[in-house]
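Colleague: The following file, work.txt, comprises compact mmCIF, C-alpha atoms:
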# COMPACT_ATOMS: atom_id res chain seq x y z
CA MET A 499 0.00 0.00 0.00
CA ARG A 500 2.83 2.34 0.94
CA PHE A 501 4.54 1.44 -2.27
CA LEU A 502 1.50 2.37 -4.30
CA ARG A 503 1.19 5.74 -2.65
CA ALA A 504 4.84 6.51 -3.24
CA LEU A 505 4.54 5.60 -6.91
CA MET A 506 1.60 7.93 -7.35
CA VAL A 507 3.55 10.82 -5.78
CA VAL A 508 6.48 10.21 -8.08
CA LEU A 509 4.27 10.18 -11.15
CA ALA A 510 2.53 13.38 -10.10
CA THR A 511 5.86 15.10 -9.56
CA CYS A 512 7.16 14.04 -12.93
CA ALA A 513 4.02 15.29 -14.62
CA PHE A 514 4.34 18.69 -12.91
CA ILE A 515 7.97 19.02 -14.02
CA THR A 516 7.37 18.12 -17.73
CA LEU A 517 4.22 20.26 -18.39
CA PRO A 518 6.06 23.61 -18.85
CA ALA A 519 8.43 22.09 -21.38
CA THR A 520 5.54 20.75 -23.47
CA SER A 521 3.84 24.15 -23.41
CA ALA A 522 7.00 25.99 -24.63
CA GLN A 523 7.47 23.66 -27.56
CA ALA A 524 3.89 24.51 -28.76
CA HIS A 525 4.83 28.22 -29.26
CA THR A 526 7.19 27.60 -32.19
CA PRO A 527 6.64 29.94 -35.21
CA GLN A 528 6.89 28.62 -38.77
CA PHE A 529 8.31 30.40 -41.91
CA SER A 530 8.57 29.40 -45.58
CA ALA A 531 9.34 31.36 -48.77
CA ASP A 532 9.33 30.55 -52.50
CA CYS A 533 8.03 32.10 -55.78
CA THR A 534 4.49 31.26 -54.75
CA GLY A 535 4.79 33.59 -51.74
CA ILE A 536 6.12 34.07 -48.19
CA LYS A 537 4.14 32.10 -45.55
CA LEU A 538 4.02 32.80 -41.78
CA SER A 539 2.24 30.60 -39.17
CA ALA A 540 2.06 30.20 -35.40
CA THR A 541 -0.04 28.01 -33.03
CA ALA A 542 -0.73 27.59 -29.31
CA TYR A 543 -0.04 31.18 -28.38
CA ASP A 544 -2.05 32.89 -25.65
CA ALA A 545 -5.45 33.60 -27.17
CA ASN A 546 -6.12 36.47 -24.76
CA LYS A 547 -2.97 38.37 -25.61
CA ALA A 548 -1.83 40.49 -28.60
CA ASN A 549 0.91 38.46 -30.15
CA THR A 550 2.63 40.20 -33.15
CA TRP A 551 3.88 39.37 -36.64
CA SER A 552 5.65 41.36 -39.38
CA VAL A 553 7.01 40.70 -42.87
CA THR A 554 9.26 42.89 -45.07
CA ILE A 555 9.37 42.30 -48.85
CA ASN A 556 11.89 44.32 -50.85
CA GLY A 557 11.93 46.96 -48.12
CA ALA A 558 8.13 47.22 -47.73
CA THR A 559 6.91 46.11 -44.27
CA GLN A 560 3.51 44.76 -43.27
CA SER A 561 2.59 43.88 -39.63
CA GLY A 562 -0.28 42.84 -37.37
CA THR A 563 -1.42 40.96 -34.21
CA PHE A 564 -2.95 37.56 -33.58
CA GLY A 565 -4.32 35.47 -30.73
CA ALA A 566 -3.91 31.71 -30.30
CA SER A 567 -2.81 31.02 -33.85
CA PHE A 568 -1.85 32.76 -37.09
CA SER A 569 -1.31 31.75 -40.75
CA LYS A 570 -0.88 34.05 -43.75
CA SER A 571 0.78 34.09 -47.19
CA PHE A 572 2.27 37.15 -48.92
CA ALA A 573 2.80 37.42 -52.72
CA VAL A 574 6.20 38.18 -54.16
CA PRO A 575 7.02 40.05 -57.45
CA GLN A 576 7.13 38.00 -60.64
CA ALA A 577 8.34 38.85 -64.20
CA GLY A 578 11.79 37.47 -63.45
CA ALA A 579 12.31 39.51 -60.26
CA THR A 580 14.47 38.44 -57.27
CA THR A 581 12.91 39.27 -53.89
CA THR A 582 14.60 40.00 -50.55
CA TRP A 583 12.43 39.27 -47.51
CA SER A 584 12.38 38.97 -43.71
CA ALA A 585 9.69 37.90 -41.19
CA GLU A 586 9.16 37.85 -37.40
CA ILE A 587 6.64 36.35 -34.94
CA VAL A 588 6.76 37.36 -31.22
CA GLY A 589 4.56 36.54 -28.24
CA TRP A 590 2.90 39.28 -26.28
CA ASP A 591 5.55 39.18 -23.62
CA GLY A 592 8.52 39.09 -26.04
CA LYS A 593 8.91 35.37 -25.63
CA TYR A 594 8.48 32.62 -28.16
CA LYS A 595 10.10 34.83 -30.81
CA GLY A 596 10.92 33.56 -34.29
CA THR A 597 12.64 35.34 -37.19
CA LYS A 598 13.78 34.37 -40.65
CA SER A 599 15.01 36.16 -43.83
CA GLY A 600 16.36 35.40 -47.28
CA LYS A 601 16.09 35.85 -51.06
CA ILE A 602 13.90 34.14 -53.59
CA GLY A 603 13.76 34.25 -57.35
CA PRO A 604 14.00 35.13 -60.09
CA CYS A 605 10.32 34.44 -60.20
CA GLY A 606 8.14 34.35 -63.30
CA THR A 607 9.05 35.11 -66.94
CA PRO A 608 11.20 38.17 -67.51
CA PRO A 609 9.47 40.87 -69.65
CA PRO A 610 10.78 41.70 -73.11
CA VAL A 611 13.55 44.25 -73.32
CA ASP A 612 12.16 47.81 -73.56
CA VAL A 613 14.16 49.50 -76.30
CA CYS A 614 12.14 52.76 -76.06
CA PRO A 615 11.91 53.77 -72.39
CA ALA A 616 10.37 57.14 -73.32
CA LEU A 617 7.37 55.45 -74.92
CA PRO A 618 4.49 53.82 -73.03
CA GLY A 619 4.77 50.04 -72.60
CA ASN A 620 7.68 47.78 -73.36
CA GLN A 621 8.94 47.97 -76.90
CA PRO A 622 10.77 44.98 -78.33
CA THR A 623 13.95 45.12 -80.34
CA GLY A 624 13.32 46.59 -83.79
CA THR A 625 10.80 49.19 -82.60
CA SER A 626 11.41 52.71 -83.95
CA CYS A 627 11.68 54.99 -80.95
CA THR A 628 11.29 58.22 -82.94
CA PRO A 629 8.34 59.15 -85.17
CA PRO A 630 8.71 59.44 -88.94
CA PRO A 631 8.98 62.99 -90.36
CA ASN A 632 5.76 64.98 -90.65
CA VAL A 633 4.02 64.84 -94.01
CA GLU A 634 3.50 68.29 -95.54
CA ARG A 635 0.64 68.57 -98.04
CA SER A 636 -0.41 71.51 -100.22
CA GLU A 637 -3.62 71.79 -102.22
CA LYS A 638 -4.21 74.60 -104.75
CA LYS A 639 -7.66 76.20 -104.68
CA VAL A 640 -9.30 78.58 -107.19
CA LEU A 641 -12.39 80.74 -106.73
CA ASP A 642 -13.86 82.38 -109.86
CA GLY A 643 -16.92 84.57 -110.13
CA CYS A 644 -18.54 87.95 -110.48
CA GLU A 645 -18.50 88.50 -106.71
CA VAL A 646 -15.65 86.53 -105.13
CA LYS A 647 -15.78 86.34 -101.33
CA PHE A 648 -13.30 84.55 -99.08
CA ASP A 649 -12.71 84.57 -95.34
CA GLY A 650 -15.07 87.50 -94.86
CA ILE A 651 -13.45 89.65 -97.56
CA THR A 652 -15.18 90.64 -100.85
CA TYR A 653 -12.82 90.87 -103.82
CA GLY A 654 -15.24 91.54 -106.70
CA ALA A 655 -15.17 89.99 -110.17
CA GLY A 656 -12.08 87.94 -110.86
CA SER A 657 -10.10 84.86 -109.93
CA LEU A 658 -8.78 84.14 -106.42
CA THR A 659 -6.03 81.53 -106.02
CA TYR A 660 -4.53 80.23 -102.79
CA ASN A 661 -2.95 77.16 -101.20
CA GLU A 662 -4.27 75.06 -98.34
CA LEU A 663 -1.36 73.69 -96.29
CA PHE A 664 -1.68 70.56 -94.12
CA THR A 665 0.78 68.89 -91.73
CA ASP A 666 0.14 65.19 -91.03
CA THR A 667 1.84 63.82 -87.88
CA PHE A 668 2.57 60.38 -86.38
CA VAL A 669 1.41 59.07 -82.97
CA PHE A 670 2.82 55.95 -81.29
CA ASN A 671 0.39 53.05 -80.89
CA PRO A 672 1.50 50.76 -77.98
CA ALA A 673 -0.95 48.09 -79.10
CA ASN A 674 1.16 47.22 -82.13
CA ASN A 675 4.37 49.13 -81.28
CA ALA A 676 4.02 51.19 -84.45
CA TRP A 677 3.54 54.82 -85.44
CA ASP A 678 0.06 55.67 -86.79
CA LEU A 679 -0.41 58.57 -89.23
CA VAL A 680 -2.82 61.27 -88.04
CA VAL A 681 -4.21 63.29 -90.97
CA ASP A 682 -4.42 67.05 -90.51
CA THR A 683 -7.89 68.42 -91.29
CA THR A 684 -7.32 72.10 -90.42
CA ALA A 685 -5.85 73.99 -93.36
CA THR A 686 -3.42 76.88 -93.18
CA ILE A 687 -3.98 79.44 -95.99
CA ALA A 688 -0.95 80.63 -97.96
CA ASN A 689 -0.06 82.33 -101.27
CA LEU A 690 -3.36 84.22 -101.52
CA SER A 691 -3.59 86.09 -104.87
CA PHE A 692 -6.51 87.85 -106.59
CA SER A 693 -6.59 88.71 -110.33
CA PRO A 694 -9.42 91.08 -111.30
CA TRP A 695 -11.25 90.27 -114.52
CA THR A 696 -11.07 92.65 -117.46
CA LYS A 697 -14.22 94.12 -118.96
CA ALA A 698 -14.10 91.48 -121.68
CA GLN A 699 -13.87 88.67 -119.10
CA GLN A 700 -16.72 90.16 -117.11
CA VAL A 701 -18.87 90.36 -120.25
CA ALA A 702 -18.00 86.75 -121.17
CA ALA A 703 -18.92 85.57 -117.67
CA GLY A 704 -22.19 87.50 -117.67
CA CYS A 705 -21.12 89.88 -114.93
CA VAL A 706 -21.59 92.94 -117.21
CA THR A 707 -24.08 93.37 -120.06
CA LYS A 708 -22.70 94.17 -123.49
CA PRO A 709 -24.41 97.28 -124.99
CA GLY A 710 -26.07 97.17 -128.40
CA GLN A 711 -24.19 98.36 -131.47
CA PRO A 712 -25.15 101.88 -132.65
CA SER A 713 -25.96 102.53 -136.33
CA ASP A 714 -23.18 103.52 -138.71
CA VAL A 715 -22.50 107.21 -139.27
CA ILE A 716 -23.11 107.93 -142.99
CA VAL A 717 -22.14 111.22 -144.67
CA LYS A 718 -22.89 111.87 -148.39
CA ASP A 719 -21.39 114.59 -150.60
CA THR A 720 -22.80 115.14 -154.10
CA THR A 721 -21.16 117.23 -156.88
CA SER A 722 -22.24 117.78 -160.51
CA GLU A 723 -20.15 118.84 -163.52
CA CYS A 724 -20.36 118.92 -167.28
CA ILE A 725 -17.91 116.52 -168.96
CA ASP A 726 -17.87 116.32 -172.78
CA GLY A 727 -21.34 117.74 -172.94
CA VAL A 728 -22.76 115.21 -170.45
CA GLN A 729 -23.90 116.13 -166.95
CA VAL A 730 -21.98 113.86 -164.56
CA THR A 731 -23.11 113.62 -160.93
CA THR A 732 -20.58 112.25 -158.41
CA THR A 733 -21.81 111.01 -155.03
CA THR A 734 -19.17 110.35 -152.34
CA THR A 735 -20.43 108.32 -149.39
CA THR A 736 -18.35 108.09 -146.20
CA THR A 737 -19.49 105.35 -143.83
CA THR A 738 -18.00 105.19 -140.34
CA PRO A 739 -19.03 102.07 -138.43
CA TYR A 740 -18.99 101.61 -134.66
CA VAL A 741 -16.54 98.98 -133.46
CA TYR A 742 -16.61 97.25 -130.07
CA ASP A 743 -13.84 98.06 -127.58
CA GLU A 744 -13.44 95.09 -125.25
CA ASP A 745 -11.29 97.00 -122.78
CA THR A 746 -14.02 99.53 -122.04
CA ASN A 747 -17.13 97.56 -123.08
CA GLU A 748 -18.13 100.47 -125.34
CA TRP A 749 -18.79 101.06 -129.02
CA VAL A 750 -16.40 103.60 -130.53
CA LEU A 751 -16.13 105.03 -134.05
CA GLY A 752 -13.88 102.99 -136.25
CA ASP A 753 -12.13 103.72 -139.54
CA PRO A 754 -14.29 105.44 -142.16
CA VAL A 755 -14.91 103.71 -145.49
CA THR A 756 -15.43 105.95 -148.55
CA THR A 757 -17.18 104.90 -151.73
CA THR A 758 -17.75 106.96 -154.90
CA GLU A 759 -20.61 106.60 -157.37
CA GLN A 760 -21.05 108.54 -160.65
CA THR A 761 -24.21 108.90 -162.71
CA GLU A 762 -24.60 110.56 -166.15
CA SER A 763 -27.60 112.56 -167.26
CA ALA A 764 -29.04 111.83 -170.68
CA ALA A 765 -29.45 115.54 -171.42
CA GLU A 766 -26.45 117.38 -172.90
CA CYS A 767 -25.08 120.41 -171.18
CA GLY A 768 -22.80 123.43 -171.93
CA VAL A 769 -23.25 123.48 -175.83
CA ASP A 770 -23.64 126.83 -177.70
CA ASP A 771 -25.15 127.52 -181.16
CA ASN A 772 -21.88 126.46 -182.85
CA ASN A 773 -21.89 123.11 -180.95
CA GLU A 774 -18.96 124.28 -178.86
CA GLU A 775 -18.84 123.24 -175.25
CA GLN A 776 -19.25 126.09 -172.80
CA GLU A 777 -18.03 126.21 -169.27
CA PRO A 778 -20.90 126.41 -166.83
CA GLU A 779 -21.18 129.77 -165.20
CA GLU A 780 -20.48 129.98 -161.55
CA PRO A 781 -23.68 130.65 -159.67
CA GLN A 782 -24.24 134.11 -158.21
CA ASP A 783 -24.16 134.16 -154.45
CA ASN A 784 -27.26 136.37 -154.08
CA GLY A 785 -29.26 133.98 -151.94
CA VAL A 786 -31.44 132.91 -154.89
CA SER A 787 -30.88 129.53 -156.56
CA PRO A 788 -30.28 130.08 -160.32
CA THR A 789 -31.95 126.73 -161.10
CA THR A 790 -35.10 127.31 -159.11
CA GLU A 791 -38.10 127.34 -161.41
CA ASN A 792 -40.67 130.20 -161.29
CA ALA A 793 -38.26 132.28 -159.21
CA GLN A 794 -39.12 136.00 -158.95
CA PRO A 795 -36.49 138.36 -160.40
CA PRO A 796 -34.59 140.53 -157.99
CA ALA A 797 -35.84 144.03 -157.33
CA GLY A 798 -34.88 146.57 -160.02
CA THR A 799 -34.91 144.04 -162.88
CA SER A 800 -37.41 143.61 -165.71
CA PRO A 801 -38.56 140.31 -167.15
CA VAL A 802 -37.92 139.70 -170.83
CA SER A 803 -40.95 139.02 -172.96
CA GLY A 804 -41.36 135.37 -173.82
CA GLY A 805 -39.02 134.03 -171.05
CA THR A 806 -38.43 133.84 -167.37
CA ALA A 807 -34.81 135.03 -167.27
CA ALA A 808 -34.33 138.54 -165.86
CA VAL A 809 -32.68 141.25 -167.98
CA PRO A 810 -29.50 142.64 -166.37
CA THR A 811 -29.86 146.10 -164.95
CA ALA A 812 -27.52 148.97 -165.52
CA VAL A 813 -25.64 148.02 -162.38
CA ASP A 814 -25.09 144.49 -163.68
CA ALA A 815 -23.85 145.85 -167.02
CA GLY A 816 -21.27 148.11 -165.38
CA LEU A 817 -22.82 151.43 -166.61
CA SER A 818 -22.01 154.78 -165.09
CA ASP A 819 -24.31 156.64 -162.76
CA SER A 820 -25.45 158.96 -165.57
CA VAL A 821 -26.51 156.04 -167.72
CA ARG A 822 -28.28 154.44 -164.76
CA ALA A 823 -30.12 157.67 -164.20
CA ALA A 824 -31.11 157.84 -167.88
CA SER A 825 -32.38 154.27 -167.75
CA SER A 826 -34.44 154.77 -164.62
CA GLY A 827 -37.53 155.32 -166.71
CA SER A 828 -40.16 152.80 -167.58
CA ALA A 829 -38.84 149.32 -168.38
CA GLY A 830 -41.22 149.17 -171.30
CA THR A 831 -39.84 152.22 -173.21
CA PRO A 832 -37.49 151.82 -176.18
CA TRP A 833 -34.79 153.53 -174.24
CA GLY A 834 -34.98 150.95 -171.52
CA LEU A 835 -34.86 148.14 -174.04
CA LEU A 836 -31.74 149.59 -175.62
CA VAL A 837 -30.03 149.88 -172.30
CA GLY A 838 -30.96 146.30 -171.44
CA ALA A 839 -29.72 144.99 -174.77
CA PHE A 840 -26.47 146.87 -174.36
CA GLY A 841 -25.92 145.29 -170.96
CA ALA A 842 -26.57 141.82 -172.31
CA LEU A 843 -23.98 142.36 -175.02
CA LEU A 844 -21.43 143.41 -172.46
CA ILE A 845 -22.04 140.25 -170.37
CA GLY A 846 -21.84 137.99 -173.42
CA GLY A 847 -18.60 139.61 -174.57
CA SER A 848 -17.13 139.15 -171.13
CA VAL A 849 -17.97 135.43 -171.07
CA LEU A 850 -16.61 134.91 -174.59
CA THR A 851 -13.40 136.72 -173.68
CA ARG A 852 -12.90 134.42 -170.64
CA ARG A 853 -13.41 131.38 -172.85
CA VAL A 854 -10.92 132.56 -175.45
CA LEU A 855 -8.38 133.33 -172.74
CA ARG A 856 -8.76 129.86 -171.37
Output the file's structure in the form of structure tokens.
Modeller:
Amino acid sequence: MRFLRALMVVLATCAFITLPATSAQAHTPQFSADCTGIKLSATAYDANKANTWSVTINGATQSGTFGASFSKSFAVPQAGATTTWSAEIVGWDGKYKGTKSGKIGPCGTPPPVDVCPALPGNQPTGTSCTPPPNVERSEKKVLDGCEVKFDGITYGAGSLTYNELFTDTFVFNPANNAWDLVVDTTATIANLSFSPWTKAQQVAAGCVTKPGQPSDVIVKDTTSECIDGVQVTTTTTTTTPYVYDEDTNEWVLGDPVTTTEQTESAAECGVDDNNEEQEPEEPQDNGVSPTTENAQPPAGTSPVSGGTAAVPTAVDAGLSDSVRAASSGSAGTPWGLLVGAFGALLIGGSVLTRRVLR
């Protein structure tokens, strides 16, 4: 009986001594790290206390608290990166502390080499890092009309020429690592030049109405003379037409055209009793036409019986004042007839003398 009691005491003592050691071994933290991540875990810590953990990945630290247990995984960079890390788990009282650190990687597939760091994205070898030269375009424009207007300015009738300038540029497209052409749609105006239309061009375009042509200016001059006993009448006609001047859109007198037409009278003229041609007498400039039929004789003259021609007076015959006074009597007396006949002889002799002299 005594032996049994002693054995029980020994067993109880041994159990009391070994319990703390078992409890300490349960507070062991666990760490692991690979390209799938960094893992921290802890069990059998005091659930009523704030136990702590922390992890640092490439210099960036994360931390927190836990109770009885803790387990968490932290991602690491990929794309061929190598990661430096460290981790720590500590009980609330600073006991049961565990730390670990190291490097992992490279993890994942390395990205392609970026040959154009200044451009967005990663550009592979062969990518052009600079855009192609701008494309300069020029288009010639022409505005014609009777009332040309451009950019708020009225120029009138004529032709306006100018150039529209465009600059097409290139923009990088990271989707295909190429430069896309962007077409310029806003024109720059250059080389603006206006040429006014002449009157002729305005008329041709219907901007100005062409006036109607006036009638020709016609002037006629008629002369009559006795040639070889035949009365020849010469008519000279001068016709001046109007010609069109395109520069002024007006009709102006052109060069005159002269035509001559002669007609012969059937009746003979200028023949005396001996069939000799006589020169026609020059008409007297007394205001009375010598060819007018039924003309009244001038004052102071007497008609000759049996004709219409007037008998020359003493003045016409060149008589002296005494003779004129003697002939101032009745035109029907013999003395008057003698004076008239004498005057007629004087006139006839004068005409015959002129003819002989010629």
Colleague: For Trp749 of chain A, which residue among A:Ser713, A:Glu634, A:Lys601, A:Thr607 is the nearest when counting all atoms listed in the file?
Modeller: A:Ser713
Colleague: For Ala573 of chain A, which residue out of A:Gly535, A:Cys605, A:Thr625, A:Thr550 is the nearest one, using all atoms listed in the file?
Modeller: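 Among the listed residues, the smallest separation from Ala573 of chain A belongs to A:Gly535.
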Colleague: What does the distance from atom CA of Ser567 of chain A to atom CA of Asn549 of chain A come to in Å, to one decimal?
Modeller: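 Distance reported for this atom pair: 9.1 Å.
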Colleague: Atom CA of Phe568 of chain A to atom CA of Pro604 of chain A: how many Å, to one decimal?
Modeller: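 Distance reported for this atom pair: 28.0 Å.
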Colleague: Can you measure atom CA of Pro527 of chain A to atom CA of Phe564 of chain A for me? One decimal in Å is fine.
Modeller: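 Taking atom CA of Pro527 of chain A as the start and atom CA of Phe564 of chain A as the end point, the length is 12.4 Å.
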Colleague: Show me, as a PDB file with C-alpha atoms, keeping the file's coordinate frame, the residues that have an atom within 7 Å of Glu766 of chain A when counting only C-alpha atoms, minus same-chain residues fewer than 6 positions from it.
Modeller:
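Contents of out37.pdb, freshly written:
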ATOM      1  CA  GLY A 727     -21.340 117.740-172.940  1.00  0.00           C
ATOM      2  CA  VAL A 728     -22.760 115.210-170.450  1.00  0.00           C
ATOM      3  CA  GLN A 729     -23.900 116.130-166.950  1.00  0.00           C
TER       4      GLN A 729
END
Colleague: Within 8 Å of segment 667-682 of chain A, counting all atoms listed in the file, which residues qualify if same-chain residues fewer than 6 places away don't, as number ranges by chain?
Modeller: A: 617-619, 621, 625-626, 629-633
Colleague: I need the residue nearest Lys697 of chain A from this list: A:Thr756, A:Asn747, A:Ser599, A:Gln560. Use only C-alpha atoms for the distance.
Modeller: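 Among the listed residues, the smallest separation from Lys697 of chain A belongs to A:Asn747.
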Colleague: Smallest atom-to-atom distance to Gly565 of chain A: which of A:Arg635, A:His525, A:Lys537, A:Lys647, using all atoms listed in the file?
Modeller: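 With all atoms listed in the file as the atom set, the closest residue is A:His525.
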Colleague: Need the shell around Gly752 of chain A: protein/DNA/RNA residues with any atom at most 8 Å away, counting all atoms listed in the file. Skip same-chain ones fewer than 5 positions apart. Format as a list in words?
Modeller: Thr738, Pro739, Tyr740 and Val741 of chain A
